[in-house]
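Data block below; observations after.
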Amino acid sequence: HDDPPVADLPAHATTFATLLVPRWGSDYQRPISEGVDRATVLNPRGIGHYPGTVMPGGVGNFSVAGHRTTYGEPFNLIADLVVGDPLVVRTQKAWYVYRVTSTEIVPSSDIGVVAAVPGQADAAPTERMITLTTCHPMYSAKERYIVHGVLDYWTPAGGPIPAEILGGA
């Protein structure tokens with residue numbers, strides 16, 4: 001019930017976390033690096049953290065982007081996610097278990113999905129959220145497929161591995 005640890009913002013292109021998505025298989029683990037530019041983050045590293053959004057566990061919206069069909073396809077199966085699915089972020093200090101709350105398809109110009117409170121640019125955040133963004137439809141950048149979630153719980157990195165990773169809950 002304590003507030004989770006929140007790491008300082010890393011330097012650009014620094015890998016600072018790993019995303020684990022049980023629905024995508026027990027072997028799905030992809031690195032998360034700082035930044036969302038294609039040349040230094042998305043293409044060579046996979047998943048990028050949107051500058052200006054909170055770090056894992058922070059109050060606000062921890063937002064990440066990844067390709068759906070190229071460069072390792074980290075978000076290829078994003079459309080398979082359903083409400084309640086766990087999205088687990090591992091850092092050096094903690095495991096953060098988020099739960100999917102909604103999905104939506106938006107125009108590629110809609111940057112409000114990564115606001116501190118998605119869709120409410122001027123609202124003050126009160127929840128700890130996660131947002132995944134990728135292209136839509138497949139092989140097109142016309143729109144964005146968006147997954148939103150909220151933090152369910154966290155546990156110290158040195159503690160037990162979350163049950164969600166071990167095939168439970």
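In the structure tokens, chains take the letters A, B, ... in the order shown, each chain's residues start at 1, and ligands count up from 1 in the order shown.
For Tyr71 in chain A, the non-local neighbours within 12 Å, defined as residues at least 3 positions apart in the same chain or in other chains and counting only C-alpha atoms, are Arg38, Ala39, Val41, Leu42, Asn43, Pro44, Arg45, Gly46, Ile47, Gly66, His67, Arg68, Pro74, Phe75 and Asn76 of chain A.
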Exercise for the section: Step one, run DSSP on the backbone; step two, keep only residues of range 25-126 of chain A assigned to helix (DSSP H, G or I); then write them as a PyMOL selection string. Expected result: chain A and resi 38-45+78-80+111-114
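Put simply, CA of Pro4 in chain A is 8.3 Å away from CA of Tyr96 in chain A.
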Completion exercise
One decimal place gives the CA of Val6 in chain A-CA of Ala115 in chain A separation as 18.2 Å
Handout entry: Residue contacts of Arg99 in chain A (10 Å, only C-alpha atoms) excluding same-chain residues fewer than 6 positions away, as a ChimeraX atom specification
Key = /A:82-88,129-130,148-153
For the residues in that selection, give me N, CA, C and O atoms as a PDB file, in the first residue's frame.
```
ATOM      1  N   VAL A  82      -7.142  -7.664 -23.733  1.00  0.00           N
ATOM      2  CA  VAL A  82      -8.512  -7.428 -23.286  1.00  0.00           C
ATOM      3  C   VAL A  82      -8.480  -6.779 -21.898  1.00  0.00           C
ATOM      4  O   VAL A  82      -7.485  -6.868 -21.171  1.00  0.00           O
ATOM      5  N   VAL A  83      -9.568  -6.134 -21.555  1.00  0.00           N
ATOM      6  CA  VAL A  83      -9.685  -5.489 -20.253  1.00  0.00           C
ATOM      7  C   VAL A  83      -9.373  -6.509 -19.158  1.00  0.00           C
ATOM      8  O   VAL A  83      -9.867  -7.636 -19.180  1.00  0.00           O
ATOM      9  N   GLY A  84      -8.530  -6.093 -18.235  1.00  0.00           N
ATOM     10  CA  GLY A  84      -8.124  -6.951 -17.124  1.00  0.00           C
ATOM     11  C   GLY A  84      -6.778  -7.619 -17.325  1.00  0.00           C
ATOM     12  O   GLY A  84      -6.172  -8.098 -16.364  1.00  0.00           O
ATOM     13  N   ASP A  85      -6.285  -7.678 -18.569  1.00  0.00           N
ATOM     14  CA  ASP A  85      -4.983  -8.304 -18.819  1.00  0.00           C
ATOM     15  C   ASP A  85      -3.878  -7.560 -18.070  1.00  0.00           C
ATOM     16  O   ASP A  85      -3.872  -6.326 -18.033  1.00  0.00           O
ATOM     17  N   PRO A  86      -2.917  -8.292 -17.510  1.00  0.00           N
ATOM     18  CA  PRO A  86      -1.781  -7.629 -16.866  1.00  0.00           C
ATOM     19  C   PRO A  86      -0.737  -7.170 -17.880  1.00  0.00           C
ATOM     20  O   PRO A  86      -0.484  -7.841 -18.883  1.00  0.00           O
ATOM     21  N   LEU A  87      -0.160  -6.012 -17.604  1.00  0.00           N
ATOM     22  CA  LEU A  87       0.992  -5.474 -18.316  1.00  0.00           C
ATOM     23  C   LEU A  87       2.029  -5.244 -17.234  1.00  0.00           C
ATOM     24  O   LEU A  87       1.827  -4.413 -16.347  1.00  0.00           O
ATOM     25  N   VAL A  88       3.117  -5.985 -17.258  1.00  0.00           N
ATOM     26  CA  VAL A  88       4.082  -5.954 -16.169  1.00  0.00           C
ATOM     27  C   VAL A  88       5.342  -5.218 -16.630  1.00  0.00           C
ATOM     28  O   VAL A  88       5.921  -5.560 -17.658  1.00  0.00           O
ATOM     29  N   MET A 129      -1.034   5.341 -14.317  1.00  0.00           N
ATOM     30  CA  MET A 129      -1.533   4.718 -15.544  1.00  0.00           C
ATOM     31  C   MET A 129      -0.400   4.301 -16.475  1.00  0.00           C
ATOM     32  O   MET A 129       0.736   4.736 -16.328  1.00  0.00           O
ATOM     33  N   ILE A 130      -0.769   3.479 -17.449  1.00  0.00           N
ATOM     34  CA  ILE A 130       0.128   3.091 -18.539  1.00  0.00           C
ATOM     35  C   ILE A 130      -0.648   3.223 -19.841  1.00  0.00           C
ATOM     36  O   ILE A 130      -1.854   2.974 -19.885  1.00  0.00           O
ATOM     37  N   HIS A 148      -4.900   1.449 -22.772  1.00  0.00           N
ATOM     38  CA  HIS A 148      -4.735   2.149 -21.500  1.00  0.00           C
ATOM     39  C   HIS A 148      -4.860   1.145 -20.355  1.00  0.00           C
ATOM     40  O   HIS A 148      -5.590   0.158 -20.454  1.00  0.00           O
ATOM     41  N   GLY A 149      -4.157   1.433 -19.260  1.00  0.00           N
ATOM     42  CA  GLY A 149      -4.251   0.593 -18.074  1.00  0.00           C
ATOM     43  C   GLY A 149      -3.973   1.398 -16.820  1.00  0.00           C
ATOM     44  O   GLY A 149      -3.532   2.550 -16.898  1.00  0.00           O
ATOM     45  N   VAL A 150      -4.246   0.800 -15.674  1.00  0.00           N
ATOM     46  CA  VAL A 150      -3.964   1.436 -14.380  1.00  0.00           C
ATOM     47  C   VAL A 150      -3.127   0.479 -13.535  1.00  0.00           C
ATOM     48  O   VAL A 150      -3.207  -0.747 -13.697  1.00  0.00           O
ATOM     49  N   LEU A 151      -2.340   1.063 -12.637  1.00  0.00           N
ATOM     50  CA  LEU A 151      -1.501   0.253 -11.760  1.00  0.00           C
ATOM     51  C   LEU A 151      -2.374  -0.524 -10.784  1.00  0.00           C
ATOM     52  O   LEU A 151      -3.191   0.058 -10.067  1.00  0.00           O
ATOM     53  N   ASP A 152      -2.212  -1.825 -10.771  1.00  0.00           N
ATOM     54  CA  ASP A 152      -2.930  -2.703  -9.846  1.00  0.00           C
ATOM     55  C   ASP A 152      -2.138  -2.799  -8.542  1.00  0.00           C
ATOM     56  O   ASP A 152      -2.675  -2.596  -7.458  1.00  0.00           O
ATOM     57  N   TYR A 153      -0.833  -3.118  -8.666  1.00  0.00           N
ATOM     58  CA  TYR A 153       0.025  -3.195  -7.487  1.00  0.00           C
ATOM     59  C   TYR A 153       1.467  -3.173  -7.936  1.00  0.00           C
ATOM     60  O   TYR A 153       1.782  -3.286  -9.124  1.00  0.00           O
TER      61      TYR A 153
END
```
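With only C-alpha atoms as the basis for measurement, A:Trp95 is the residue among A:Ala17, A:Asp8, A:Trp95, A:Ser102 that approaches Ala157 in chain A most closely.
The coordinates place CA of Ile111 in chain A at 14.0 Å from CA of Ala141 in chain A.
Remark: for Ser109 in chain A, the closest of the candidate residues A:Lys142, A:Pro162, A:Gly72, A:Gly57 is A:Lys142 (distances computed over only C-alpha atoms).
Each of A:Glu127, A:Asp122, A:Glu104, A:Asp110 was checked against Tyr145 in chain A using only C-alpha atoms; the smallest atom-to-atom distance is that of A:Glu104.
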Practice task
Extract the full set of strand (DSSP E or B) residues from range 109-143 of chain A according to DSSP on the backbone, and format it as a ChimeraX atom specification.
Solution key: /A:128-136,143
Could you turn the residues from that selection into a file that holds all heavy atoms, as a compact mmCIF listing (two decimals), in the first residue's frame?
```txt
# COMPACT_ATOMS: atom_id res chain seq x y z
N ARG A 128 -2.15 6.13 -11.31
CA ARG A 128 -0.89 5.68 -11.92
C ARG A 128 -1.30 4.82 -13.12
O ARG A 128 -1.85 3.74 -12.95
CB ARG A 128 -0.08 4.87 -10.91
CG ARG A 128 0.26 5.68 -9.66
CD ARG A 128 0.82 4.80 -8.54
NE ARG A 128 0.77 5.47 -7.25
CZ ARG A 128 1.65 6.36 -6.82
NH1 ARG A 128 2.68 6.70 -7.58
NH2 ARG A 128 1.52 6.91 -5.63
N MET A 129 -1.03 5.34 -14.32
CA MET A 129 -1.53 4.72 -15.54
C MET A 129 -0.40 4.30 -16.47
O MET A 129 0.74 4.74 -16.33
CB MET A 129 -2.44 5.70 -16.27
CG MET A 129 -3.68 6.10 -15.47
SD MET A 129 -4.54 7.49 -16.21
CE MET A 129 -3.62 8.85 -15.52
N ILE A 130 -0.77 3.48 -17.45
CA ILE A 130 0.13 3.09 -18.54
C ILE A 130 -0.65 3.22 -19.84
O ILE A 130 -1.85 2.97 -19.88
CB ILE A 130 0.66 1.64 -18.37
CG1 ILE A 130 1.76 1.34 -19.38
CG2 ILE A 130 -0.47 0.63 -18.44
CD1 ILE A 130 2.49 0.02 -19.14
N THR A 131 0.06 3.63 -20.90
CA THR A 131 -0.53 3.68 -22.24
C THR A 131 0.47 3.09 -23.22
O THR A 131 1.64 3.45 -23.21
CB THR A 131 -0.88 5.13 -22.65
OG1 THR A 131 -1.88 5.63 -21.76
CG2 THR A 131 -1.41 5.18 -24.07
N LEU A 132 -0.01 2.17 -24.06
CA LEU A 132 0.77 1.60 -25.15
C LEU A 132 0.21 2.18 -26.45
O LEU A 132 -1.02 2.21 -26.62
CB LEU A 132 0.63 0.08 -25.21
CG LEU A 132 1.44 -0.78 -24.24
CD1 LEU A 132 1.16 -0.45 -22.80
CD2 LEU A 132 1.17 -2.25 -24.50
N THR A 133 1.09 2.63 -27.35
CA THR A 133 0.65 3.15 -28.64
C THR A 133 1.40 2.45 -29.76
O THR A 133 2.58 2.13 -29.62
CB THR A 133 0.89 4.67 -28.76
OG1 THR A 133 2.29 4.93 -28.87
CG2 THR A 133 0.32 5.43 -27.57
N THR A 134 0.70 2.22 -30.87
CA THR A 134 1.32 1.62 -32.05
C THR A 134 0.49 1.99 -33.27
O THR A 134 -0.59 2.59 -33.15
CB THR A 134 1.45 0.09 -31.91
OG1 THR A 134 2.34 -0.40 -32.91
CG2 THR A 134 0.12 -0.61 -31.97
N CYS A 135 0.98 1.63 -34.44
CA CYS A 135 0.27 1.98 -35.67
C CYS A 135 -0.97 1.11 -35.87
O CYS A 135 -1.09 0.02 -35.33
CB CYS A 135 1.21 1.85 -36.86
SG CYS A 135 1.90 0.20 -37.07
N HIS A 136 -1.88 1.66 -36.67
CA HIS A 136 -3.11 0.94 -37.03
C HIS A 136 -3.63 1.53 -38.33
O HIS A 136 -3.57 2.74 -38.51
CB HIS A 136 -4.17 1.08 -35.93
CG HIS A 136 -5.41 0.32 -36.23
ND1 HIS A 136 -5.51 -1.02 -36.02
CD2 HIS A 136 -6.59 0.71 -36.77
CE1 HIS A 136 -6.72 -1.43 -36.39
NE2 HIS A 136 -7.37 -0.40 -36.85
N GLU A 143 -3.57 5.57 -38.46
CA GLU A 143 -4.18 5.72 -37.13
C GLU A 143 -3.25 5.11 -36.09
O GLU A 143 -2.21 4.56 -36.41
CB GLU A 143 -5.54 5.01 -37.10
CG GLU A 143 -6.54 5.58 -38.09
CD GLU A 143 -7.79 4.74 -38.20
OE1 GLU A 143 -7.68 3.49 -38.34
OE2 GLU A 143 -8.88 5.31 -38.13
```
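Among the candidates A:Trp24, A:Gly112, A:Gly52, A:Ala65, the residue lying nearest to Asp37 in chain A is A:Ala65 (atoms considered: only C-alpha atoms).
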